[in-house]
Amino acid sequence: MLSNQAGEGKRASLHGHWSSKMAFILAVTGSAVGLGNIWKFPYIAGQNGGGAFVLVYLVCTVVIGMPVMMSEILIGRRGRRNPVATMELLGKEEGSSGHWRWVGVLGVIGGSLILSYYSVIAGWTLGYVVKSASGVFVGASVEAVGAEFKNFVGDWRIIGFCHTLFMALTVFVVTRGVERGLEQAVRFMVPALLVLMLVLLGYSMNSGYFGQGLSFMFSIPESCMTLAPECPLTWDSVLAALGQAFFTLSIGMGAIMAYGAYLPEDTSITGASAAVVTADTGIAILAGLAIFPLVFANGLDPADGPGLVFQTLPLAFGQMAGGVFFSTIFFVLLSFAAWTSAIGLMEPAVAWVVEHFNKTRAQASLLIGGLIWFIGFGSVLSFNVLADTTFLAGTLFDNVDYLTSSIILPLGGLLITVFAGWVMCRNSTADELGSAGTLYKAWRVLVRFIAPIGILFILINAIT
Ligand code: PHE
């Protein structure tokens, strides 16, 4: 799928090129669609009260997420190296400084920290493939499904094993290079996942609680419309919504920049970004619409936290005809979706170690993968042995999640917009985006003013 021809007159990628625009869109979609949409979005929206949070998330996606994604792709394509080297190179080329490399370094650290817990949750989905296939959820009660989940995450050896398995699978693909197999996997996985989400949606529409789920997700309290002080949305929730927009789109840490490095010159960055943002947001909303009615129908608490999806969906599958089949397939697909995202999380670090330390891909992925695997045990233990050891944002898992989603990604996004909007000259960005028309002007206003000021404003208000 990758060929080694260089774009005429421009810098050639050290790693080859995507074979087509579609291949690139599929790879970025594979990175974006993952646990963030199906596991994280519903539980974060639930914890932050629903409607108003969802609205802020959607606004952040369009106004901040989309321009940041375009910036990452164009920076990646212009630099054609790993995010650290690209930022350094372009920083110098644009007459600023090589210190911009630190944005890349922040991304390498952020991506590795995210993967450390992402792999643990992806391990749960692997575990749920086996559970689903064994039929434990058939006709199971709310209590039984809840107990099944508690016992599962309560045993660090089991979820530690699942985490190990998932990391091994990830290291295996990354060793072989980003390109191989990814395109095929995503081409099949995303549509299949969409179909199963629709099956679940059909089920939840018939649960008798669809209206309640819908209103939880989309109705905005009067007090928030008038920005009255009684509005339950806090600055912390607004930051969580911003962080979720970054997390689910895979932006702010160089993953998209690393993929952009392999993008051929003639591909439209705006079109590709719009396609990915639409698919990713659509799947998250669909997941919410499938899950919240089930939450209310079964008397569960929407603010239940990371176990929400694992305690609602098996319940629905358990009552469906063909539930064992659907449930098994669903968790297989979700594991796949997590897998293609995990590859994106590791890519900046691996590409950097390969280029900077002159290692082979295999050595680099083993090294980085081993380190991430080890750090991941902090999250494995957060659900059992260390569940009561809390500080700052909560357990170790909560802290790594907060540090990455709410601090590192928005900060990375802020620096990327400043770089694309203020450091890179107009000619460079117009050249990459392929026009200086209205669309370009809109992007430039978003990237120079709206996005950076918005991110800074939210960060400052939430942290002080
Ligand atoms: N976007 C992925 C998801 O929603 C997670 C991810 C974040 C992947 C950052 C790569 C980079 O599951």
# chains A, B, ... in the order shown; residues from 1 in each chain; ligands from 1
>>> select_by_dssp(residues="range 193-439 of chain A", states="helix (DSSP H, G or I)", output="MDAnalysis selection string")
chainID A and resid 193:205 210:218 222:225 235:249 255:260 269:297 308:319 323:356 361:382 396:423 426:433 438:439
>>> residues_near_ligand(ligand="ligand 1", cutoff="6 Å", atoms="only C-alpha atoms and all ligand atoms", output="PyMOL selection string")
chain A and resi 31-37+247-251+255+341+344-345
>>> closest_atom_pairs(of="range 59-159 of chain A", to="range 316-322 of chain A", cutoff="7 Å", atoms="only C-alpha atoms", output="CSV")
residue,atom,partner,partner_atom,distance
A:Phe137,CA,A:Gly318,CA,4.9
A:Val138,CA,A:Gly318,CA,4.1
A:Gly139,CA,A:Gly318,CA,4.9
A:Ala140,CA,A:Gly318,CA,6.2
>>> write_last_selection(atoms="all heavy atoms", output="mmCIF file, in the first residue's frame")
data_model
loop_
_atom_site.group_PDB
_atom_site.id
_atom_site.type_symbol
_atom_site.label_atom_id
_atom_site.label_comp_id
_atom_site.auth_asym_id
_atom_site.auth_seq_id
_atom_site.Cartn_x
_atom_site.Cartn_y
_atom_site.Cartn_z
ATOM 1 N N PHE A 137 -23.886 -14.135 29.386
ATOM 2 C CA PHE A 137 -24.817 -13.004 29.463
ATOM 3 C C PHE A 137 -26.244 -13.372 29.037
ATOM 4 O O PHE A 137 -27.145 -12.557 29.150
ATOM 5 C CB PHE A 137 -24.311 -11.839 28.603
ATOM 6 C CG PHE A 137 -22.978 -11.313 29.063
ATOM 7 C CD1 PHE A 137 -21.915 -11.199 28.183
ATOM 8 C CD2 PHE A 137 -22.786 -10.942 30.387
ATOM 9 C CE1 PHE A 137 -20.687 -10.725 28.610
ATOM 10 C CE2 PHE A 137 -21.553 -10.462 30.827
ATOM 11 C CZ PHE A 137 -20.509 -10.366 29.931
ATOM 12 N N VAL A 138 -26.429 -14.588 28.531
ATOM 13 C CA VAL A 138 -27.758 -14.955 28.036
ATOM 14 C C VAL A 138 -28.778 -14.866 29.163
ATOM 15 O O VAL A 138 -28.658 -15.544 30.194
ATOM 16 C CB VAL A 138 -27.752 -16.376 27.431
ATOM 17 C CG1 VAL A 138 -29.163 -16.766 26.985
ATOM 18 C CG2 VAL A 138 -26.778 -16.435 26.270
ATOM 19 N N GLY A 139 -29.746 -13.991 28.984
ATOM 20 C CA GLY A 139 -30.819 -13.826 29.965
ATOM 21 C C GLY A 139 -30.353 -13.328 31.326
ATOM 22 O O GLY A 139 -31.104 -13.402 32.303
ATOM 23 N N ALA A 140 -29.130 -12.814 31.410
ATOM 24 C CA ALA A 140 -28.597 -12.401 32.713
ATOM 25 C C ALA A 140 -29.313 -11.158 33.242
ATOM 26 O O ALA A 140 -29.760 -10.304 32.473
ATOM 27 C CB ALA A 140 -27.098 -12.120 32.588
#
>>> atom_distance(atom1="CA of Ala240 in chain A", atom2="CA of Ser405 in chain A")
7.6 Å
>>> residues_around(residues="range 267-283 of chain A", least_positions_apart="2", cutoff="6 Å", atoms="only C-alpha atoms", output="short mmCIF file (atom, residue, chain, number, x, y, z; two decimals) with N, CA, C and O atoms, in the first residue's frame")
data_model
loop_
_atom_site.label_atom_id
_atom_site.label_comp_id
_atom_site.auth_asym_id
_atom_site.auth_seq_id
_atom_site.Cartn_x
_atom_site.Cartn_y
_atom_site.Cartn_z
N LYS A 21 -5.90 8.31 -1.47
CA LYS A 21 -6.55 9.16 -0.50
C LYS A 21 -7.40 8.30 0.45
O LYS A 21 -7.44 8.50 1.65
N ILE A 25 -7.56 8.12 4.52
CA ILE A 25 -8.79 8.37 5.30
C ILE A 25 -9.10 7.15 6.18
O ILE A 25 -9.47 7.29 7.34
N THR A 29 -9.27 7.26 10.13
CA THR A 29 -10.53 6.84 10.75
C THR A 29 -10.28 5.69 11.72
O THR A 29 -10.85 5.65 12.81
N VAL A 33 -11.64 6.22 15.40
CA VAL A 33 -12.74 5.41 15.93
C VAL A 33 -12.16 4.33 16.84
O VAL A 33 -11.36 3.51 16.40
N GLU A 265 0.93 14.44 -2.07
CA GLU A 265 0.72 15.89 -2.20
C GLU A 265 -0.66 16.29 -2.68
O GLU A 265 -1.17 17.34 -2.32
N ILE A 285 -22.09 9.49 18.84
CA ILE A 285 -23.48 9.83 19.13
C ILE A 285 -24.35 8.57 19.09
O ILE A 285 -25.21 8.34 19.94
N LEU A 286 -24.07 7.73 18.11
CA LEU A 286 -24.81 6.48 17.98
C LEU A 286 -24.62 5.62 19.24
O LEU A 286 -25.57 5.01 19.75
#
>>> closest_residue(among="A:Val129, A:Ala297, A:Met253, A:Ile44", to="Glu72 in chain A", atoms="only C-alpha atoms")
A:Met253
>>> closest_residue(among="A:Ile407, A:Leu55, A:Ile458, A:Ile453", to="Met225 in chain A", atoms="only C-alpha atoms")
A:Leu55
>>> residues_around(residues="Trp100 in chain A", least_positions_apart="5", cutoff="8 Å", atoms="only C-alpha atoms", output="number ranges by chain")
A: 87-88, 91
>>> atom_distance(atom1="CA of Ile114 in chain A", atom2="CA of Asp398 in chain A")
11.3 Å
>>> atom_distance(atom1="CA of Ser382 in chain A", atom2="CA of Leu396 in chain A")
5.9 Å
>>> closest_residue(among="A:Arg157, A:Lys150, A:Arg81, A:Arg187", to="Val350 in chain A", atoms="only C-alpha atoms")
A:Arg81
>>> closest_residue(among="A:Leu456, A:Leu201, A:Ser428, A:Ser119", to="Leu90 in chain A", atoms="only C-alpha atoms")
A:Ser428
>>> closest_residue(among="A:Thr170, A:Gln184, A:Ser207, A:Thr417", to="Leu74 in chain A", atoms="only C-alpha atoms")
A:Thr417
>>> residues_around(residues="Gly146 in chain A", least_positions_apart="6", cutoff="10 Å", atoms="only C-alpha atoms", output="PyMOL selection string")
chain A and resi 140+152+300+307-308+310-312+314-315
>>> write_last_selection(atoms="N, CA and C atoms", output="short mmCIF file (atom, residue, chain, number, x, y, z; two decimals), in the first residue's frame")
data_model
loop_
_atom_site.label_atom_id
_atom_site.label_comp_id
_atom_site.auth_asym_id
_atom_site.auth_seq_id
_atom_site.Cartn_x
_atom_site.Cartn_y
_atom_site.Cartn_z
N ALA A 140 -29.13 -12.81 31.41
CA ALA A 140 -28.60 -12.40 32.71
C ALA A 140 -29.31 -11.16 33.24
N PHE A 152 -14.54 -9.45 37.32
CA PHE A 152 -13.54 -9.44 36.24
C PHE A 152 -12.45 -8.40 36.52
N LEU A 300 -29.98 1.84 35.94
CA LEU A 300 -28.55 2.05 36.23
C LEU A 300 -28.26 3.55 36.34
N GLY A 307 -17.15 1.52 33.81
CA GLY A 307 -17.76 0.21 33.58
C GLY A 307 -19.09 0.29 32.83
N LEU A 308 -19.54 1.53 32.53
CA LEU A 308 -20.89 1.72 31.98
C LEU A 308 -21.21 0.84 30.77
N PHE A 310 -19.70 -1.80 29.70
CA PHE A 310 -19.56 -3.22 29.97
C PHE A 310 -20.71 -3.76 30.82
N GLN A 311 -21.50 -2.83 31.37
CA GLN A 311 -22.64 -3.30 32.17
C GLN A 311 -23.98 -3.07 31.50
N THR A 312 -23.98 -2.30 30.40
CA THR A 312 -25.26 -2.09 29.72
C THR A 312 -25.39 -2.98 28.48
N PRO A 314 -23.93 -5.84 27.40
CA PRO A 314 -24.14 -7.29 27.55
C PRO A 314 -25.57 -7.62 27.99
N LEU A 315 -26.16 -6.69 28.74
CA LEU A 315 -27.53 -6.87 29.19
C LEU A 315 -28.47 -6.91 28.00
#
>>> closest_residue(among="A:Ala337, A:Asp236, A:Arg444, A:Gln212", to="Leu289 in chain A", atoms="only C-alpha atoms")
A:Gln212
>>> residues_around(residues="Gly211 in chain A", least_positions_apart="5", cutoff="12 Å", atoms="only C-alpha atoms", output="list in words")
Ser204, Met205, Asn206, Phe216, Met217, Phe218, Ser219, Leu289, Ala290, Phe292, Pro293, Leu294, Phe296 and Ala297 of chain A
>>> decode(residues="range 361-375 of chain A", atoms="N, CA, C and O atoms", output="compact mmCIF listing (two decimals), in the first residue's frame")
# COMPACT_ATOMS: atom_id res chain seq x y z
N ARG A 361 12.57 -0.93 13.27
CA ARG A 361 11.19 -0.80 13.72
C ARG A 361 10.89 -1.81 14.81
O ARG A 361 10.19 -1.52 15.78
N ALA A 362 11.42 -3.02 14.64
CA ALA A 362 11.13 -4.07 15.62
C ALA A 362 11.72 -3.71 16.98
O ALA A 362 11.04 -3.82 18.01
N GLN A 363 12.97 -3.24 16.96
CA GLN A 363 13.60 -2.87 18.24
C GLN A 363 12.83 -1.73 18.91
O GLN A 363 12.55 -1.77 20.10
N ALA A 364 12.50 -0.72 18.09
CA ALA A 364 11.81 0.44 18.64
C ALA A 364 10.45 0.04 19.21
O ALA A 364 10.09 0.46 20.32
N SER A 365 9.69 -0.78 18.50
CA SER A 365 8.36 -1.10 19.03
C SER A 365 8.44 -1.99 20.26
O SER A 365 7.61 -1.87 21.17
N LEU A 366 9.43 -2.86 20.31
CA LEU A 366 9.58 -3.69 21.51
C LEU A 366 9.94 -2.84 22.73
O LEU A 366 9.39 -3.01 23.82
N LEU A 367 10.83 -1.90 22.49
CA LEU A 367 11.29 -1.03 23.57
C LEU A 367 10.14 -0.17 24.10
O LEU A 367 9.83 -0.17 25.30
N ILE A 368 9.48 0.54 23.19
CA ILE A 368 8.38 1.43 23.58
C ILE A 368 7.22 0.60 24.14
O ILE A 368 6.64 0.93 25.18
N GLY A 369 6.91 -0.49 23.44
CA GLY A 369 5.80 -1.35 23.88
C GLY A 369 6.04 -1.91 25.27
O GLY A 369 5.13 -1.94 26.10
N GLY A 370 7.27 -2.31 25.55
CA GLY A 370 7.59 -2.86 26.86
C GLY A 370 7.40 -1.84 27.96
O GLY A 370 6.83 -2.11 29.02
N LEU A 371 7.84 -0.63 27.67
CA LEU A 371 7.74 0.46 28.64
C LEU A 371 6.25 0.77 28.93
O LEU A 371 5.83 0.89 30.09
N ILE A 372 5.48 0.88 27.86
CA ILE A 372 4.06 1.20 28.01
C ILE A 372 3.34 0.07 28.76
O ILE A 372 2.50 0.31 29.62
N TRP A 373 3.70 -1.16 28.43
CA TRP A 373 3.10 -2.32 29.10
C TRP A 373 3.34 -2.22 30.60
O TRP A 373 2.42 -2.41 31.41
N PHE A 374 4.56 -1.88 30.97
CA PHE A 374 4.90 -1.79 32.39
C PHE A 374 4.10 -0.68 33.08
O PHE A 374 3.48 -0.90 34.13
N ILE A 375 4.06 0.50 32.47
CA ILE A 375 3.32 1.63 33.05
C ILE A 375 1.83 1.26 33.18
O ILE A 375 1.16 1.65 34.13
